[in-house]
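Trainee: coords.txt (compact mmCIF, C-alpha atoms) pasted underneath:
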```txt
# COMPACT_ATOMS: atom_id res chain seq x y z
CA MET A 1 -15.77 22.97 -8.06
CA ASN A 2 -15.05 19.40 -7.02
CA GLN A 3 -13.96 16.93 -9.64
CA TRP A 4 -13.40 13.17 -9.69
CA LEU A 5 -11.21 11.54 -12.30
CA THR A 6 -9.52 8.23 -12.99
CA ALA A 7 -5.99 8.04 -11.57
CA ASP A 8 -4.31 6.78 -14.71
CA SER A 9 -0.89 8.39 -14.25
CA GLU A 10 1.81 7.42 -11.76
CA ALA A 11 1.56 10.88 -10.18
CA ALA A 12 -2.21 10.54 -9.65
CA LYS A 13 -1.82 7.04 -8.22
CA GLU A 14 0.92 8.29 -5.91
CA SER A 15 -1.27 11.13 -4.64
CA ALA A 16 -4.05 8.60 -3.89
CA VAL A 17 -1.72 6.27 -1.97
CA ILE A 18 -0.18 9.16 -0.02
CA LEU A 19 -3.60 10.52 0.99
CA LEU A 20 -4.77 7.10 2.17
CA SER A 21 -1.48 6.44 3.98
CA ARG A 22 -1.70 9.75 5.85
CA ASN A 23 -5.19 8.78 6.97
CA GLY A 24 -4.48 5.08 7.39
CA GLU A 25 -6.04 4.86 10.83
CA HIS A 26 -9.13 6.85 9.86
CA LEU A 27 -10.33 5.18 6.67
CA GLY A 28 -13.39 3.70 8.34
CA VAL A 29 -12.76 0.23 6.94
CA PRO A 30 -13.00 -2.83 9.17
CA TYR A 31 -10.03 -4.64 7.65
CA GLN A 32 -6.25 -4.44 7.87
CA TRP A 33 -3.85 -2.20 5.98
CA SER A 34 -2.69 -5.14 3.84
CA THR A 35 -6.27 -5.49 2.57
CA VAL A 36 -6.34 -1.77 1.72
CA LEU A 37 -3.13 -2.30 -0.29
CA SER A 38 -4.70 -5.30 -2.07
CA SER A 39 -7.76 -3.22 -2.94
CA LEU A 40 -5.56 -0.45 -4.33
CA LEU A 41 -3.50 -2.88 -6.40
CA CYS A 42 -6.59 -4.59 -7.84
CA SER A 43 -8.26 -1.28 -8.64
CA MET A 44 -5.08 0.00 -10.35
CA TYR A 45 -5.02 -3.18 -12.43
CA ASP A 46 -8.69 -2.71 -13.39
CA ASN A 47 -8.24 1.03 -14.01
CA GLY A 48 -10.69 1.61 -11.17
CA LEU A 49 -8.73 4.00 -8.98
CA MET A 50 -10.25 7.49 -8.86
CA ILE A 51 -9.18 10.68 -7.10
CA GLY A 52 -11.36 13.56 -6.00
CA LEU A 53 -9.97 17.07 -6.30
CA ASP A 54 -11.16 20.14 -4.41
CA SER A 55 -11.80 23.49 -6.10
CA SER A 56 -8.08 24.36 -5.96
CA GLY A 57 -7.04 21.06 -7.55
CA GLU A 58 -5.78 19.46 -4.34
CA ILE A 59 -6.57 15.81 -3.76
CA ALA A 60 -9.31 15.37 -1.16
CA GLY A 61 -10.70 11.91 -1.82
CA VAL A 62 -10.04 8.44 -3.22
CA LEU A 63 -12.43 5.85 -4.62
CA ALA A 64 -11.25 2.35 -5.53
CA TYR A 65 -13.32 -0.22 -7.40
CA THR A 66 -12.65 -3.47 -9.20
CA SER A 67 -14.36 -5.42 -11.97
CA GLY A 68 -16.53 -8.16 -10.49
CA THR A 69 -17.55 -8.61 -6.88
CA GLY A 70 -16.47 -10.77 -3.99
CA GLU A 71 -19.85 -12.55 -4.08
CA ASP A 72 -18.76 -14.84 -6.92
CA LYS A 73 -14.99 -14.35 -6.62
CA TYR A 74 -14.99 -11.66 -9.29
CA GLN A 75 -16.32 -13.87 -12.10
CA ASP A 76 -19.26 -11.72 -13.28
CA ARG A 77 -17.70 -8.74 -15.01
CA THR A 78 -21.05 -7.00 -15.50
CA LYS A 79 -20.69 -5.84 -11.88
CA ILE A 80 -18.16 -3.68 -10.13
CA GLU A 81 -17.36 -3.58 -6.43
CA VAL A 82 -16.43 -0.34 -4.70
CA HIS A 83 -13.81 -1.40 -2.16
CA LEU A 84 -12.97 1.93 -0.67
CA LEU A 85 -14.25 5.47 -0.60
CA PHE A 86 -12.40 8.02 1.48
CA ILE A 87 -13.05 11.75 1.63
CA GLU A 88 -10.98 14.09 3.76
CA LYS A 89 -12.82 15.42 6.79
CA ARG A 90 -12.64 19.02 5.57
CA MET A 91 -14.67 18.08 2.47
CA ARG A 92 -17.26 15.76 3.98
CA SER A 93 -19.93 18.37 4.53
CA GLY A 94 -19.92 19.44 0.89
CA ARG A 95 -20.87 17.65 -2.30
CA MET A 96 -17.76 15.53 -2.63
CA LEU A 97 -19.61 12.27 -1.92
CA THR A 98 -22.51 12.82 -4.31
CA GLU A 99 -20.08 14.10 -6.94
CA ALA A 100 -18.11 10.84 -6.60
CA MET A 101 -21.33 8.85 -7.11
CA ARG A 102 -22.40 11.01 -10.04
CA THR A 103 -19.02 10.68 -11.76
CA LEU A 104 -18.82 6.92 -11.21
CA ALA A 105 -22.37 6.27 -12.44
CA GLY A 106 -21.95 8.63 -15.40
CA MET A 107 -18.64 7.05 -16.37
CA ILE A 108 -20.18 3.57 -16.34
CA LEU A 109 -23.22 4.63 -18.38
CA ASP A 110 -21.03 6.46 -20.90
CA SER A 111 -18.62 3.58 -21.33
CA PRO A 112 -19.06 0.79 -23.89
CA SER A 113 -18.66 -1.82 -21.13
CA GLU A 114 -21.57 -4.01 -20.03
CA ILE A 115 -21.49 -3.01 -16.37
CA ARG A 116 -25.01 -3.18 -14.98
CA GLU A 117 -24.50 -3.15 -11.25
CA ILE A 118 -22.42 -1.42 -8.59
CA ALA A 119 -21.94 -3.32 -5.32
CA PHE A 120 -20.24 -2.57 -2.04
CA TYR A 121 -19.86 -3.86 1.50
CA ALA A 122 -20.34 -1.76 4.62
CA ASN A 123 -20.40 -2.10 8.38
CA PRO A 124 -23.95 -3.00 9.44
CA SER A 125 -24.46 0.16 11.50
CA ALA A 126 -27.72 2.10 11.74
CA ILE A 127 -26.06 5.21 10.28
CA ASN A 128 -24.72 3.29 7.28
CA ARG A 129 -28.07 1.62 6.65
CA ARG A 130 -29.88 4.95 6.76
CA LEU A 131 -27.33 6.54 4.37
CA PHE A 132 -26.87 3.72 1.87
CA GLY A 133 -30.56 2.75 1.98
CA LYS A 134 -31.34 6.04 0.24
CA PHE A 135 -29.85 4.86 -3.03
CA ALA A 136 -28.88 1.17 -2.78
CA GLU A 137 -30.55 -2.12 -1.94
CA LEU A 138 -29.34 -4.11 1.06
CA ILE A 139 -29.04 -7.68 -0.22
CA HIS A 140 -27.72 -9.55 2.80
CA THR A 141 -25.54 -9.41 5.88
CA SER A 142 -22.85 -12.05 6.27
CA GLU A 143 -19.81 -12.99 8.28
CA HIS A 144 -16.40 -12.07 6.87
CA PRO A 145 -12.89 -12.47 8.30
CA CYS A 146 -13.18 -8.85 9.49
CA GLY A 147 -16.65 -9.34 11.01
CA MET A 148 -20.25 -8.88 9.88
CA LEU A 149 -20.77 -6.83 6.71
CA ASP A 150 -23.82 -5.64 4.79
CA TYR A 151 -23.79 -6.20 1.03
CA TYR A 152 -25.49 -3.55 -1.10
CA ARG A 153 -26.15 -3.20 -4.80
CA VAL A 154 -27.42 -0.40 -7.02
CA ILE A 155 -27.83 0.02 -10.75
CA PRO A 156 -25.85 2.93 -12.23
CA GLU A 157 -29.02 4.63 -13.54
CA ARG A 158 -30.48 4.85 -10.03
CA LEU A 159 -27.20 6.04 -8.55
CA LEU A 160 -26.94 8.75 -11.20
CA VAL A 161 -30.47 10.01 -10.51
CA TYR A 162 -29.86 10.08 -6.74
CA ALA A 163 -26.47 11.76 -7.04
CA SER A 164 -27.59 14.31 -9.63
CA ARG A 165 -30.54 15.29 -7.44
CA HIS A 166 -28.29 15.82 -4.41
CA SER A 167 -25.32 17.46 -6.11
CA ALA A 168 -27.40 20.04 -8.00
CA MET B 1 18.68 11.00 18.66
CA VAL B 2 16.69 8.64 16.46
CA ARG B 3 14.50 5.71 17.38
CA PHE B 4 13.34 2.64 15.54
CA GLU B 5 9.80 1.35 15.76
CA ILE B 6 8.84 -2.11 14.57
CA CYS B 7 5.67 -1.95 12.44
CA ARG B 8 2.87 -3.64 14.36
CA ASN B 9 -0.35 -1.78 13.56
CA THR B 10 -2.11 0.15 10.80
CA GLY B 11 -0.55 3.43 11.94
CA HIS B 12 2.96 2.02 11.57
CA TRP B 13 2.32 0.28 8.26
CA SER B 14 0.54 3.21 6.66
CA ALA B 15 3.43 5.48 7.72
CA PHE B 16 5.91 2.94 6.32
CA THR B 17 3.96 2.88 3.03
CA GLU B 18 3.83 6.68 2.77
CA PHE B 19 7.57 7.04 3.32
CA TYR B 20 8.44 4.23 0.90
CA VAL B 21 6.16 5.55 -1.84
CA GLU B 22 7.48 9.11 -1.46
CA HIS B 23 11.15 8.04 -1.63
CA ARG B 24 10.93 5.05 -3.96
CA HIS B 25 12.58 6.85 -6.87
CA ARG B 26 15.66 7.53 -4.75
CA ILE B 27 15.96 3.78 -4.15
CA ILE B 28 15.12 2.58 -7.65
CA PRO B 29 14.64 5.23 -10.36
CA ASP B 30 11.20 5.13 -12.02
CA TYR B 31 10.02 2.45 -9.59
CA LYS B 32 6.29 1.94 -10.18
CA ILE B 33 3.89 2.60 -7.37
CA SER B 34 2.24 -0.80 -7.84
CA HIS B 35 5.59 -2.52 -7.31
CA ALA B 36 6.16 -0.52 -4.14
CA LEU B 37 2.75 -1.59 -2.82
CA VAL B 38 3.49 -5.24 -3.59
CA ASP B 39 6.78 -4.89 -1.67
CA VAL B 40 4.95 -3.56 1.41
CA LYS B 41 2.36 -6.35 1.20
CA ASN B 42 5.14 -8.95 1.00
CA VAL B 43 6.94 -7.50 4.02
CA MET B 44 3.67 -7.47 6.00
CA LYS B 45 2.95 -11.08 5.12
CA HIS B 46 6.39 -12.66 5.06
CA GLY B 47 8.65 -10.44 7.15
CA ARG B 48 8.91 -7.37 9.31
CA GLY B 49 9.30 -3.66 8.76
CA ALA B 50 10.64 -0.83 10.87
CA ILE B 51 10.39 2.93 10.72
CA LEU B 52 13.01 5.35 11.97
CA ARG B 53 11.85 8.56 13.65
CA ASP B 54 13.85 11.67 14.53
CA ARG B 55 13.45 13.61 17.78
CA THR B 56 10.51 15.55 16.33
CA ASN B 57 8.73 12.28 15.52
CA HIS B 58 9.19 12.68 11.76
CA ILE B 59 9.94 9.52 9.82
CA VAL B 60 13.46 9.67 8.40
CA GLY B 61 13.99 6.10 7.31
CA ILE B 62 12.64 2.60 6.84
CA GLY B 63 14.06 -0.91 6.85
CA SER B 64 12.55 -4.31 6.24
CA PHE B 65 13.15 -7.97 5.44
CA VAL B 66 11.21 -11.00 4.29
CA LEU B 67 11.83 -14.64 5.11
CA GLY B 68 12.09 -16.74 1.96
CA MET B 69 12.62 -15.80 -1.64
CA GLU B 70 9.92 -13.96 -3.57
CA GLU B 71 10.86 -15.68 -6.84
CA HIS B 72 10.16 -19.04 -5.16
CA GLY B 73 6.86 -18.12 -3.52
CA PHE B 74 8.68 -17.24 -0.29
CA GLU B 75 9.97 -20.77 0.23
CA TYR B 76 13.46 -21.26 1.72
CA LYS B 77 12.57 -19.53 4.96
CA HIS B 78 16.11 -20.03 6.23
CA ILE B 79 17.10 -17.14 3.95
CA ALA B 80 16.26 -13.61 5.09
CA VAL B 81 16.18 -11.06 2.27
CA LEU B 82 16.55 -7.40 3.20
CA GLY B 83 14.06 -5.02 1.60
CA ASN B 84 14.60 -1.58 0.17
CA CYS B 85 16.03 0.23 3.20
CA TYR B 86 16.29 4.00 2.94
CA PHE B 87 17.29 6.92 5.17
CA THR B 88 16.91 10.59 4.30
CA ASP B 89 20.14 12.44 3.52
CA ASP B 90 20.57 13.90 7.02
CA TYR B 91 20.58 10.40 8.51
CA ARG B 92 22.80 8.71 5.98
CA ASN B 93 25.64 8.31 8.40
CA ASN B 94 27.30 5.07 9.35
CA ARG B 95 26.07 5.19 12.93
CA THR B 96 22.41 5.32 11.96
CA PHE B 97 22.91 2.77 9.22
CA ILE B 98 24.64 0.30 11.53
CA ARG B 99 21.96 0.84 14.17
CA GLY B 100 19.37 0.00 11.50
CA LEU B 101 21.21 -3.18 10.58
CA GLN B 102 21.39 -4.14 14.26
CA VAL B 103 17.62 -3.76 14.57
CA LEU B 104 17.07 -5.88 11.46
CA ALA B 105 19.50 -8.55 12.71
CA GLU B 106 17.62 -8.73 16.03
CA GLN B 107 14.27 -8.92 14.27
CA ILE B 108 15.41 -11.62 11.85
CA GLY B 109 16.61 -13.77 14.75
CA ASN B 110 13.41 -13.06 16.62
CA ALA B 111 11.19 -13.91 13.64
CA ALA B 112 12.83 -17.27 12.91
CA SER B 113 15.47 -19.15 14.84
CA ASP B 114 16.58 -21.24 11.86
CA VAL B 115 17.73 -18.42 9.56
CA THR B 116 21.19 -19.23 8.24
CA GLU B 117 21.69 -16.69 5.46
CA VAL B 118 21.05 -13.01 4.80
CA ARG B 119 20.74 -11.71 1.24
CA ILE B 120 20.80 -8.05 0.31
CA PRO B 121 19.65 -7.02 -3.17
CA THR B 122 20.36 -3.51 -4.40
CA ALA B 123 20.36 -1.63 -7.69
CA ALA B 124 23.76 -2.10 -9.36
CA ASP B 125 24.12 1.62 -10.07
CA ASN B 126 23.45 2.72 -6.48
CA SER B 127 27.01 3.45 -5.35
CA TYR B 128 25.95 4.33 -1.78
CA THR B 129 24.31 0.99 -0.97
CA ASN B 130 26.81 -1.09 -2.90
CA ARG B 131 29.70 0.55 -1.03
CA ILE B 132 28.12 -0.33 2.32
CA TYR B 133 26.92 -3.83 1.49
CA GLN B 134 30.35 -4.80 0.14
CA LYS B 135 31.67 -4.32 3.67
CA ILE B 136 29.07 -6.68 5.11
CA ALA B 137 28.65 -9.43 2.54
CA ASN B 138 29.99 -10.95 -0.64
CA LYS B 139 28.46 -10.37 -4.03
CA PHE B 140 26.39 -13.49 -4.68
CA HIS B 141 25.02 -12.80 -8.14
CA THR B 142 23.74 -10.11 -10.49
CA PHE B 143 20.46 -10.21 -12.34
CA GLU B 144 18.50 -8.12 -14.80
CA SER B 145 15.23 -6.86 -13.38
CA GLY B 146 12.22 -8.19 -15.26
CA HIS B 147 10.52 -4.80 -15.05
CA GLY B 148 13.11 -2.68 -16.82
CA TYR B 149 14.80 -1.35 -13.68
CA GLY B 150 18.23 -2.48 -14.86
CA LEU B 151 20.82 -4.63 -13.11
CA PHE B 152 20.66 -5.64 -9.48
CA HIS B 153 23.45 -7.05 -7.33
CA VAL B 154 22.59 -9.52 -4.59
CA TYR B 155 24.99 -9.70 -1.65
CA SER B 156 25.00 -12.71 0.65
CA THR B 157 26.44 -13.59 4.03
CA SER B 158 25.69 -16.08 6.77
CA TYR B 159 23.31 -14.89 9.47
CA ASP B 160 26.03 -15.44 12.08
CA ARG B 161 28.49 -13.23 10.20
CA PHE B 162 25.77 -10.61 9.72
CA VAL B 163 25.13 -10.54 13.47
CA GLU B 164 28.85 -10.49 14.19
CA PHE B 165 29.32 -7.50 11.89
CA CYS B 166 26.48 -5.63 13.59
CA ASN B 167 27.77 -6.46 17.09
CA ARG B 168 31.18 -5.02 16.31
CA PHE B 169 29.70 -1.56 16.65
CA ARG B 170 27.82 -1.99 19.92
```
Could I get this structure in the form of structure tokens?
Mentor:
Amino acid sequence: MNQWLTADSEAAKESAVILLSRNGEHLGVPYQWSTVLSSLLCSMYDNGLMIGLDSSGEIAGVLAYTSGTGEDKYQDRTKIEVHLLFIEKRMRSGRMLTEAMRTLAGMILDSPSEIREIAFYANPSAINRRLFGKFAELIHTSEHPCGMLDYYRVIPERLLVYASRHSA
Amino acid sequence: MVRFEICRNTGHWSAFTEFYVEHRHRIIPDYKISHALVDVKNVMKHGRGAILRDRTNHIVGIGSFVLGMEEHGFEYKHIAVLGNCYFTDDYRNNRTFIRGLQVLAEQIGNAASDVTEVRIPTAADNSYTNRIYQKIANKFHTFESGHGYGLFHVYSTSYDRFVEFCNRFR
């Protein structure tokens, strides 16, 4: 069974960084490696680095989020921004993705924090819009240093319903 | 035979990061992963990095430098500060080490023509690096790490003397 958990130990953080480094050219992000490092550092600081384990306990995915979003320079702490989600190719056809969503949404709803919204940016491709449109709302598309990006948002309750339905 | 590659793209930098993170405790015991990531970011922004590959294409070492001093927001660009250089045990011979220094000397000169000084920080209890750096430079000062990593020695030499030392072995 797949499992996602917060990388709160040095060993867990190391395994996340090693997995991303080994797949550095295949992360599917439009920005440079230095931006990936910044995202990792910010998510570690915010305790928002998560690792996904396969059924044998081997790391197979990484999710990094921070408190606040880039929309208002991370002022509104009732939102989180998912900066990076990577799942190894061997696990992409399974339930790793929906399990990541389910864990993240469940964690937010179970926590005493006031997080009400999950946001993320994505390349404005037809495939991405079809996938993310199933559970999130496309707010706008804007120009960034790395090119055009779509900005999505979803409330944790909706993400949990979607993920639970598809990971059952 | 080994070869050095200057980091220029995501493939190089991610490989550099992986090697540094995996070996960071051999350079500085208990070195935190977040500090290692900050180091890589600083090298990417303010300096250059290189990876060393063996004949089977495996990475067996890294070297790097930044221009300017981190504690002063990377001002004083005439000072090049070497980063945490590391070679795996099989490649810890003088020939490889000197070749690595030659590459760094070339890259420093190439990155900025007005560099006058090279500084080399290293953990005070690392006898291997201290033994080598003493041959190249003079001990400039010693400081206590603010993160609980103990004492560090900083060696210093002029850029010209650094180049001269490296050229002796060509």
Trainee: Step by step: start from the point (15.2, 3.8, 14.8) in the file's coordinates, keep every protein, DNA or RNA residue that has an atom no farther than 10 Å from it, count all atoms listed in the file, and write the set as a PDB file with C-alpha atoms, in the frame of the given file.
Mentor:
```pdb
ATOM      1  CA  MET B   1      18.680  11.000  18.660  1.00  0.00           C
ATOM      2  CA  VAL B   2      16.690   8.640  16.460  1.00  0.00           C
ATOM      3  CA  ARG B   3      14.500   5.710  17.380  1.00  0.00           C
ATOM      4  CA  PHE B   4      13.340   2.640  15.540  1.00  0.00           C
ATOM      5  CA  GLU B   5       9.800   1.350  15.760  1.00  0.00           C
ATOM      6  CA  ILE B   6       8.840  -2.110  14.570  1.00  0.00           C
ATOM      7  CA  ALA B  50      10.640  -0.830  10.870  1.00  0.00           C
ATOM      8  CA  ILE B  51      10.390   2.930  10.720  1.00  0.00           C
ATOM      9  CA  LEU B  52      13.010   5.350  11.970  1.00  0.00           C
ATOM     10  CA  ARG B  53      11.850   8.560  13.650  1.00  0.00           C
ATOM     11  CA  ASP B  54      13.850  11.670  14.530  1.00  0.00           C
ATOM     12  CA  ILE B  59       9.940   9.520   9.820  1.00  0.00           C
ATOM     13  CA  VAL B  60      13.460   9.670   8.400  1.00  0.00           C
ATOM     14  CA  GLY B  61      13.990   6.100   7.310  1.00  0.00           C
ATOM     15  CA  ILE B  62      12.640   2.600   6.840  1.00  0.00           C
ATOM     16  CA  GLY B  63      14.060  -0.910   6.850  1.00  0.00           C
ATOM     17  CA  THR B  96      22.410   5.320  11.960  1.00  0.00           C
ATOM     18  CA  PHE B  97      22.910   2.770   9.220  1.00  0.00           C
ATOM     19  CA  ARG B  99      21.960   0.840  14.170  1.00  0.00           C
ATOM     20  CA  GLY B 100      19.370   0.000  11.500  1.00  0.00           C
ATOM     21  CA  VAL B 103      17.620  -3.760  14.570  1.00  0.00           C
TER      22      VAL B 103
END
```
Trainee: Using only C-alpha atoms, what table do you get, as CSV, when you list each residue of chain A with an atom no more than 12 Å from chain B, its nearest pair of atoms, and their distance in Å rounded to one decimal, rows by chain then rising number?
Mentor:
```
residue,atom,partner,partner_atom,distance
A:Asp8,CA,B:Ile33,CA,11.8
A:Ser9,CA,B:Ile33,CA,10.2
A:Glu10,CA,B:Ile33,CA,6.8
A:Ala11,CA,B:Ile33,CA,9.0
A:Ala12,CA,B:Ile33,CA,10.3
A:Lys13,CA,B:Ile33,CA,7.3
A:Glu14,CA,B:Ile33,CA,6.6
A:Ser15,CA,B:Glu22,CA,9.5
A:Ala16,CA,B:Glu18,CA,10.5
A:Val17,CA,B:Glu18,CA,7.3
A:Ile18,CA,B:Glu18,CA,5.5
A:Leu19,CA,B:Glu18,CA,8.6
A:Leu20,CA,B:Ser14,CA,8.0
A:Ser21,CA,B:Ser14,CA,4.7
A:Arg22,CA,B:Ala15,CA,6.9
A:Asn23,CA,B:Ser14,CA,8.0
A:Gly24,CA,B:Ser14,CA,5.4
A:Glu25,CA,B:Gly11,CA,5.8
A:His26,CA,B:Gly11,CA,9.5
A:Leu27,CA,B:Thr10,CA,10.5
A:Val29,CA,B:Thr10,CA,11.3
A:Pro30,CA,B:Thr10,CA,11.4
A:Tyr31,CA,B:Thr10,CA,9.8
A:Gln32,CA,B:Thr10,CA,6.8
A:Trp33,CA,B:Thr10,CA,5.6
A:Ser34,CA,B:Lys41,CA,5.8
A:Thr35,CA,B:Lys41,CA,8.8
A:Val36,CA,B:Ser14,CA,9.8
A:Leu37,CA,B:Leu37,CA,6.4
A:Ser38,CA,B:Lys41,CA,7.9
A:Ser39,CA,B:Leu37,CA,10.6
A:Leu40,CA,B:Leu37,CA,8.5
A:Leu41,CA,B:Ser34,CA,6.3
A:Cys42,CA,B:Ser34,CA,9.6
A:Ser43,CA,B:Ser34,CA,10.5
A:Met44,CA,B:Ser34,CA,7.8
A:Tyr45,CA,B:Ser34,CA,8.9
```
Trainee: From (18.5, -1.5, -2.0), in the file's coordinates, out to 7 Å: which residues are reached, counting all atoms listed in the file? Answer as a list in words.
Mentor: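 In the file's frame, the residues around the point are Ile27, Gly83, Asn84, Cys85, Pro121, Thr122, Ala123 and Thr129 of chain B.
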Trainee: Generate the output file for the selected residues, C-alpha atoms, as a tab-separated table (two decimals), in the frame of the given file.
Mentor:
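The resulting out24.tsv:
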```tsv
chain	number	residue	atom	x	y	z
B	27	ILE	CA	15.96	3.78	-4.15
B	83	GLY	CA	14.06	-5.02	1.60
B	84	ASN	CA	14.60	-1.58	0.17
B	85	CYS	CA	16.03	0.23	3.20
B	121	PRO	CA	19.65	-7.02	-3.17
B	122	THR	CA	20.36	-3.51	-4.40
B	123	ALA	CA	20.36	-1.63	-7.69
B	129	THR	CA	24.31	0.99	-0.97
```
Trainee: At a cut-off of 6 Å, using all atoms listed in the file, what residues contact region 48-63 of chain A? Leave out same-chain residues fewer than 4 positions from it and give the result as a list in words.
Mentor: Met1, Asn2, Gln3, Trp4, Leu5, Thr6, Ala7, Ser43, Met44, Leu84, Leu85, Phe86, Ile87 and Glu88 of chain A
Trainee: Just how far from CA of Ile120 (chain B) is CA of Ser64 (chain B), in Å to one decimal?
Mentor: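 So the two atoms, CA of Ser64 (chain B) and CA of Ile120 (chain B), lie 10.8 Å apart.
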Trainee: Between B:Gly146, B:Gln107, B:Arg95, B:Asp125, which residue has the minimum interatomic distance to Arg168 (chain B), considering all atoms listed in the file?
Mentor: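 Using all atoms listed in the file, Arg168 (chain B) sits closest to B:Arg95.
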Trainee: Counting all atoms listed in the file, what is within 12 Å of Glu143 (chain A), bar same-chain residues fewer than 4 positions away, as a ChimeraX atom specification?
Mentor: /A:121-124,147-151
Trainee: Quick one, how far is CA of Gly150 (chain B) from CA of His25 (chain B)?
Mentor: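 Distance between the two atoms: 13.5 Å.
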Trainee: Could you pull the residues within 10 Å of Gln102 (chain B), counting all atoms listed in the file, minus those fewer than 4 positions along the same chain, as a CSV table (one decimal) with C-alpha atoms, in the coordinates of the input?
Mentor:
```csv
chain,number,residue,atom,x,y,z
B,96,THR,CA,22.4,5.3,12.0
B,97,PHE,CA,22.9,2.8,9.2
B,98,ILE,CA,24.6,0.3,11.5
B,106,GLU,CA,17.6,-8.7,16.0
B,107,GLN,CA,14.3,-8.9,14.3
B,108,ILE,CA,15.4,-11.6,11.8
B,162,PHE,CA,25.8,-10.6,9.7
B,163,VAL,CA,25.1,-10.5,13.5
B,164,GLU,CA,28.8,-10.5,14.2
B,165,PHE,CA,29.3,-7.5,11.9
B,166,CYS,CA,26.5,-5.6,13.6
B,167,ASN,CA,27.8,-6.5,17.1
B,169,PHE,CA,29.7,-1.6,16.6
B,170,ARG,CA,27.8,-2.0,19.9
```
Trainee: Can you work out which one of A:Phe132, A:Thr141, A:Glu117, A:Ser67 has the shortest atom-to-atom distance to Ile155 (chain A), counting only C-alpha atoms?
Mentor: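 The answer is A:Glu117, which sits nearest to Ile155 (chain A).
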Trainee: Could you state the separation of CA of Leu67 (chain B) and CA of Phe143 (chain B) in Å, given to one decimal place?
Mentor: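 A separation of 20.0 Å between them.
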Trainee: Which of these residues is nearest to Tyr74 (chain A), using only C-alpha atoms: A:Leu97, A:Ala119, A:Arg90, A:Ala105?
Mentor: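 Closest candidate: A:Ala119.
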Trainee: Pick the closest to Gly70 (chain A) from A:Pro156, A:Ser113, A:Ser93, A:His83: which is it, counting all atoms listed in the file?
Mentor: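 Smallest distance to Gly70 (chain A) is found for A:His83.
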Trainee: Restricting the calculation to only C-alpha atoms, which member of B:Ile132, B:Ala36, B:Ala137, B:Ile28 is positioned closest to Arg92 (chain B)?
Mentor: B:Ile132
Trainee: With only C-alpha atoms as the atoms that count, which of A:Pro145, A:Leu159, A:Asn128, A:Ala136 lies nearest to Met107 (chain A)?
Mentor: A:Leu159
